[in-house]
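Q: For reference, this is input_35.txt, and it has compact mmCIF, C-alpha atoms.
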# COMPACT_ATOMS: atom_id res chain seq x y z
CA MET L 1 -2.64 -8.13 3.47
CA ASP L 2 -1.18 -10.97 1.54
CA ASP L 3 2.51 -11.00 0.69
CA ALA L 4 2.05 -10.52 -3.07
CA ARG L 5 0.01 -7.33 -2.68
CA GLN L 6 2.40 -5.82 -0.16
CA SER L 7 5.44 -6.80 -2.20
CA ALA L 8 3.92 -5.11 -5.25
CA ALA L 9 3.16 -1.95 -3.24
CA PHE L 10 6.73 -1.95 -1.88
CA ARG L 11 8.14 -2.15 -5.43
CA VAL L 12 5.89 0.64 -6.68
CA LEU L 13 7.00 2.89 -3.82
CA GLY L 14 10.63 2.12 -4.62
CA ALA L 15 10.14 2.98 -8.28
CA VAL L 16 8.50 6.29 -7.38
CA PHE L 17 11.33 7.37 -5.08
CA VAL L 18 14.10 6.23 -7.43
CA ARG L 19 12.68 7.65 -10.65
CA LEU L 20 11.23 10.88 -9.23
CA PRO L 21 13.85 12.43 -6.95
CA SER L 22 11.77 15.54 -6.22
CA VAL L 23 8.87 13.51 -4.78
CA GLN L 24 8.83 13.83 -0.99
CA GLU L 25 5.73 11.73 -0.27
CA ALA L 26 4.16 8.82 -2.13
CA ARG L 27 0.81 7.12 -1.79
CA VAL L 28 -0.11 3.73 -3.15
CA SER L 29 -3.55 2.17 -2.94
CA GLY L 30 -4.66 -1.26 -4.03
CA TYR L 31 -8.15 -2.24 -5.08
CA ARG L 32 -10.10 -4.93 -6.82
CA GLN L 33 -13.33 -4.77 -8.71
CA VAL L 34 -16.27 -6.49 -7.06
CA VAL L 35 -19.94 -6.85 -7.82
CA ASP L 36 -22.03 -4.77 -5.44
CA PRO L 37 -24.74 -7.15 -4.15
CA THR L 38 -27.20 -4.28 -3.63
CA THR L 39 -27.07 -3.03 -7.23
CA GLY L 40 -25.45 -5.77 -9.29
CA SER L 41 -22.99 -3.27 -10.74
CA THR L 42 -19.21 -3.44 -10.54
CA ARG L 43 -17.38 -1.14 -8.14
CA ASP L 44 -13.85 -0.63 -6.87
CA GLN L 45 -13.17 -2.10 -3.43
CA TYR L 46 -10.06 -0.49 -1.93
CA LEU L 47 -8.08 -3.02 0.09
CA TYR L 48 -5.18 -0.94 1.35
CA SER L 49 -3.70 2.52 1.11
CA ILE L 50 -0.12 3.38 2.06
CA LYS L 51 1.43 6.80 2.63
CA VAL L 52 5.20 7.14 3.02
CA THR L 53 7.64 10.03 3.04
CA ARG L 54 11.04 9.97 1.40
CA ALA L 55 12.62 10.22 4.88
CA GLN L 56 10.73 7.08 5.99
CA TRP L 57 11.70 5.30 2.78
CA ASN L 58 15.36 6.23 3.22
CA ARG L 59 15.46 4.42 6.59
CA ILE L 60 15.37 1.11 4.72
CA HIS L 61 18.84 -0.43 4.51
CA PHE L 62 18.94 -1.17 0.80
CA GLY L 63 22.40 -2.73 1.11
CA GLN L 64 20.66 -5.52 3.03
CA LEU L 65 17.52 -5.69 0.89
CA ALA L 66 17.46 -9.49 1.07
CA GLN L 67 16.88 -9.09 4.81
CA VAL L 68 13.96 -6.67 4.37
CA ASP L 69 10.48 -8.17 4.66
CA PRO L 70 8.23 -6.10 2.35
CA VAL L 71 5.18 -6.94 4.47
CA ALA L 72 6.80 -5.65 7.66
CA ALA L 73 8.33 -2.66 5.85
CA VAL L 74 5.01 -1.50 4.42
CA GLU L 75 3.26 -2.00 7.76
CA ALA L 76 5.80 0.40 9.33
CA PHE L 77 4.48 3.24 7.11
CA THR L 78 1.11 4.95 7.44
CA LEU L 79 -1.25 2.17 6.38
CA ARG L 80 -5.01 1.93 6.02
CA ARG L 81 -6.26 -1.62 5.90
CA ASN L 82 -9.23 -3.44 7.37
CA MET L 83 -8.68 -7.17 7.25
CA THR L 84 -10.05 -9.93 9.44
CA LYS L 85 -7.77 -12.42 11.19
CA ILE L 86 -8.55 -14.97 8.51
CA GLY L 87 -7.57 -12.59 5.69
CA ILE L 88 -10.90 -11.22 4.48
CA PHE L 89 -10.57 -7.63 3.29
CA ARG L 90 -13.14 -5.00 4.12
CA ASP L 91 -13.54 -1.69 2.29
CA ILE L 92 -11.31 1.21 3.30
CA GLU L 93 -11.16 4.85 2.26
CA PRO L 94 -7.84 5.39 0.42
CA PHE L 95 -5.59 8.35 1.18
CA LYS L 96 -6.50 11.27 -1.04
CA LEU L 97 -4.05 13.26 -3.12
CA VAL L 98 -3.37 16.67 -1.68
As structure tokens, what does this structure read like?
A:
Amino acid sequence: MDDARQSAAFRVLGAVFVRLPSVQEARVSGYRQVVDPTTGSTRDQYLYSIKVTRAQWNRIHFGQLAQVDPVAAVEAFTLRRNMTKIGIFRDIEPFKLV
């Protein structure tokens, strides 16, 4: 996943845990709209889906945030992503809400 997408997901997760103290698990999924070549209609193509608990999030040393790589941090959580070595995304099934 490219750095911009993972950095955005990292920030969204942070906002959820800071602003909603009762939340114990957060899920963030990223998608883009693509034209389906079989129908010609637009559909959502999910690129990644991340699931993280508050306990996992709290392991991040926020006093050293400049040293935290958002890409590596997000990859340490439960992550669904199907990307080729050259960076081409394939569809994934995002985590569902419970």
Q: From the list L:Val98, L:Ala4, L:Ile60, L:Val68, which residue is nearest Arg27 in chain L when using only C-alpha atoms?
A: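 Among L:Val98, L:Ala4, L:Ile60, L:Val68, it is L:Val98 that comes nearest to Arg27 in chain L.
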Q: Considering all atoms listed in the file, state which residue in the set L:Pro94, L:Pro21, L:Gly14, L:Gly63 is at the smallest distance from Tyr46 in chain L.
A: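 Using all atoms listed in the file, the shortest distance to Tyr46 in chain L belongs to L:Pro94.
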Q: Could you tell me how far CA of Ala72 in chain L lies from CA of Arg43 in chain L, in Å and to one decimal?
A: 29.2 Å
Q: Pick out the closest residue to Val28 in chain L from this set: L:Lys85, L:Arg80, L:Arg90, L:Arg54. Count only C-alpha atoms.
A: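 Answer, going by the shortest atom-to-atom distance: L:Arg80.
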Q: Just the number, please: distance in Å from CA of Gln33 in chain L to CA of Asp69 in chain L, one decimal.
A: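 Distance reported for this atom pair: 27.5 Å.
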Q: At a cut-off of 10 Å, using only C-alpha atoms, what residues contact Ala26 in chain L? Leave out same-chain residues fewer than 3 positions from it and give the result as a ChimeraX atom specification.
A: /L:12-14,16-17,23,50-54,57,97
Q: From the set L:Ile88, L:Ala55, L:Ala76, L:Leu65, which residue has the shortest atom-to-atom contact distance to Gln24 in chain L, counting all atoms listed in the file?
A: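 Using all atoms listed in the file, Gln24 in chain L sits closest to L:Ala55.
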Q: Quick one: pull the distance between CA of Glu93 in chain L and CA of Arg81 in chain L, Å, one decimal.
A: 8.9 Å
Q: So, counting only C-alpha atoms, which residue among L:Ile86, L:Ala9, L:Leu20, L:Ile92 is closest to Asp44 in chain L?
A: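 Among L:Ile86, L:Ala9, L:Leu20, L:Ile92, it is L:Ile92 that comes nearest to Asp44 in chain L.
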Q: Using only C-alpha atoms, find the one residue out of L:Thr42, L:Ser22, L:Gln6, L:Ser49 that sits nearest to Val74 in chain L.
A: L:Gln6
Q: Kindly compute an axis-aligned box around the listed atoms of range 66-84 of chain L, allowing 8 Å on each side, and express its centre and edge lengths in Å to one decimal as AutoDock Vina command-line options.
A:
--center_x 3.7 --center_y -2.5 --center_z 5.3 --size_x 43.5 --size_y 30.9 --size_z 24.4
Q: Any chance you could model all heavy atoms for range 19-30 of chain L and send them as a compact mmCIF listing (two decimals), in the coordinates of the input?
A:
# COMPACT_ATOMS: atom_id res chain seq x y z
N ARG L 19 12.85 6.99 -9.35
CA ARG L 19 12.68 7.65 -10.65
C ARG L 19 12.25 9.11 -10.55
O ARG L 19 12.38 9.86 -11.51
CB ARG L 19 11.68 6.88 -11.50
CG ARG L 19 12.19 5.49 -11.83
CD ARG L 19 11.15 4.71 -12.60
NE ARG L 19 11.48 3.31 -12.65
CZ ARG L 19 12.19 2.74 -13.60
NH1 ARG L 19 12.66 3.47 -14.58
NH2 ARG L 19 12.43 1.45 -13.58
N LEU L 20 11.72 9.50 -9.39
CA LEU L 20 11.23 10.88 -9.23
C LEU L 20 11.88 11.50 -7.99
O LEU L 20 11.27 11.58 -6.93
CB LEU L 20 9.70 10.87 -9.10
CG LEU L 20 8.93 10.22 -10.26
CD1 LEU L 20 7.48 10.02 -9.92
CD2 LEU L 20 9.09 11.05 -11.53
N PRO L 21 13.11 11.95 -8.11
CA PRO L 21 13.85 12.43 -6.95
C PRO L 21 13.25 13.64 -6.24
O PRO L 21 13.54 13.87 -5.08
CB PRO L 21 15.24 12.77 -7.50
CG PRO L 21 15.18 12.64 -8.96
CD PRO L 21 13.89 12.00 -9.34
N SER L 22 12.38 14.38 -6.89
CA SER L 22 11.77 15.54 -6.22
C SER L 22 10.54 15.16 -5.39
O SER L 22 10.07 15.97 -4.60
CB SER L 22 11.40 16.61 -7.24
OG SER L 22 10.40 16.13 -8.11
N VAL L 23 10.05 13.95 -5.55
CA VAL L 23 8.87 13.51 -4.78
C VAL L 23 9.28 13.31 -3.32
O VAL L 23 10.23 12.59 -3.03
CB VAL L 23 8.28 12.22 -5.37
CG1 VAL L 23 7.24 11.61 -4.45
CG2 VAL L 23 7.70 12.48 -6.74
N GLN L 24 8.53 13.94 -2.42
CA GLN L 24 8.83 13.83 -0.99
C GLN L 24 7.84 12.93 -0.25
O GLN L 24 8.10 12.53 0.88
CB GLN L 24 8.84 15.22 -0.34
CG GLN L 24 9.97 16.09 -0.86
CD GLN L 24 11.33 15.43 -0.67
OE1 GLN L 24 11.67 15.00 0.42
NE2 GLN L 24 12.11 15.34 -1.74
N GLU L 25 6.70 12.63 -0.88
CA GLU L 25 5.73 11.73 -0.27
C GLU L 25 5.03 10.96 -1.37
O GLU L 25 4.68 11.52 -2.41
CB GLU L 25 4.70 12.52 0.54
CG GLU L 25 3.67 11.62 1.22
CD GLU L 25 2.66 12.41 2.03
OE1 GLU L 25 3.00 12.78 3.17
OE2 GLU L 25 1.56 12.67 1.51
N ALA L 26 4.84 9.67 -1.15
CA ALA L 26 4.16 8.82 -2.13
C ALA L 26 2.99 8.11 -1.46
O ALA L 26 3.04 7.80 -0.27
CB ALA L 26 5.13 7.81 -2.73
N ARG L 27 1.99 7.85 -2.26
CA ARG L 27 0.81 7.12 -1.79
C ARG L 27 0.50 6.03 -2.80
O ARG L 27 0.49 6.29 -4.01
CB ARG L 27 -0.37 8.05 -1.65
CG ARG L 27 -0.12 9.12 -0.61
CD ARG L 27 -1.13 10.21 -0.67
NE ARG L 27 -0.64 11.30 0.17
CZ ARG L 27 -1.43 12.19 0.71
NH1 ARG L 27 -2.72 12.15 0.49
NH2 ARG L 27 -0.92 13.13 1.46
N VAL L 28 0.25 4.86 -2.30
CA VAL L 28 -0.11 3.73 -3.15
C VAL L 28 -1.34 3.08 -2.54
O VAL L 28 -1.39 2.82 -1.33
CB VAL L 28 1.04 2.68 -3.22
CG1 VAL L 28 0.59 1.45 -3.98
CG2 VAL L 28 2.27 3.28 -3.85
N SER L 29 -2.34 2.84 -3.39
CA SER L 29 -3.55 2.17 -2.94
C SER L 29 -3.81 0.98 -3.85
O SER L 29 -3.55 1.04 -5.05
CB SER L 29 -4.74 3.13 -2.98
OG SER L 29 -4.54 4.21 -2.10
N GLY L 30 -4.33 -0.07 -3.27
CA GLY L 30 -4.66 -1.26 -4.03
C GLY L 30 -6.16 -1.54 -3.94
O GLY L 30 -6.76 -1.38 -2.89
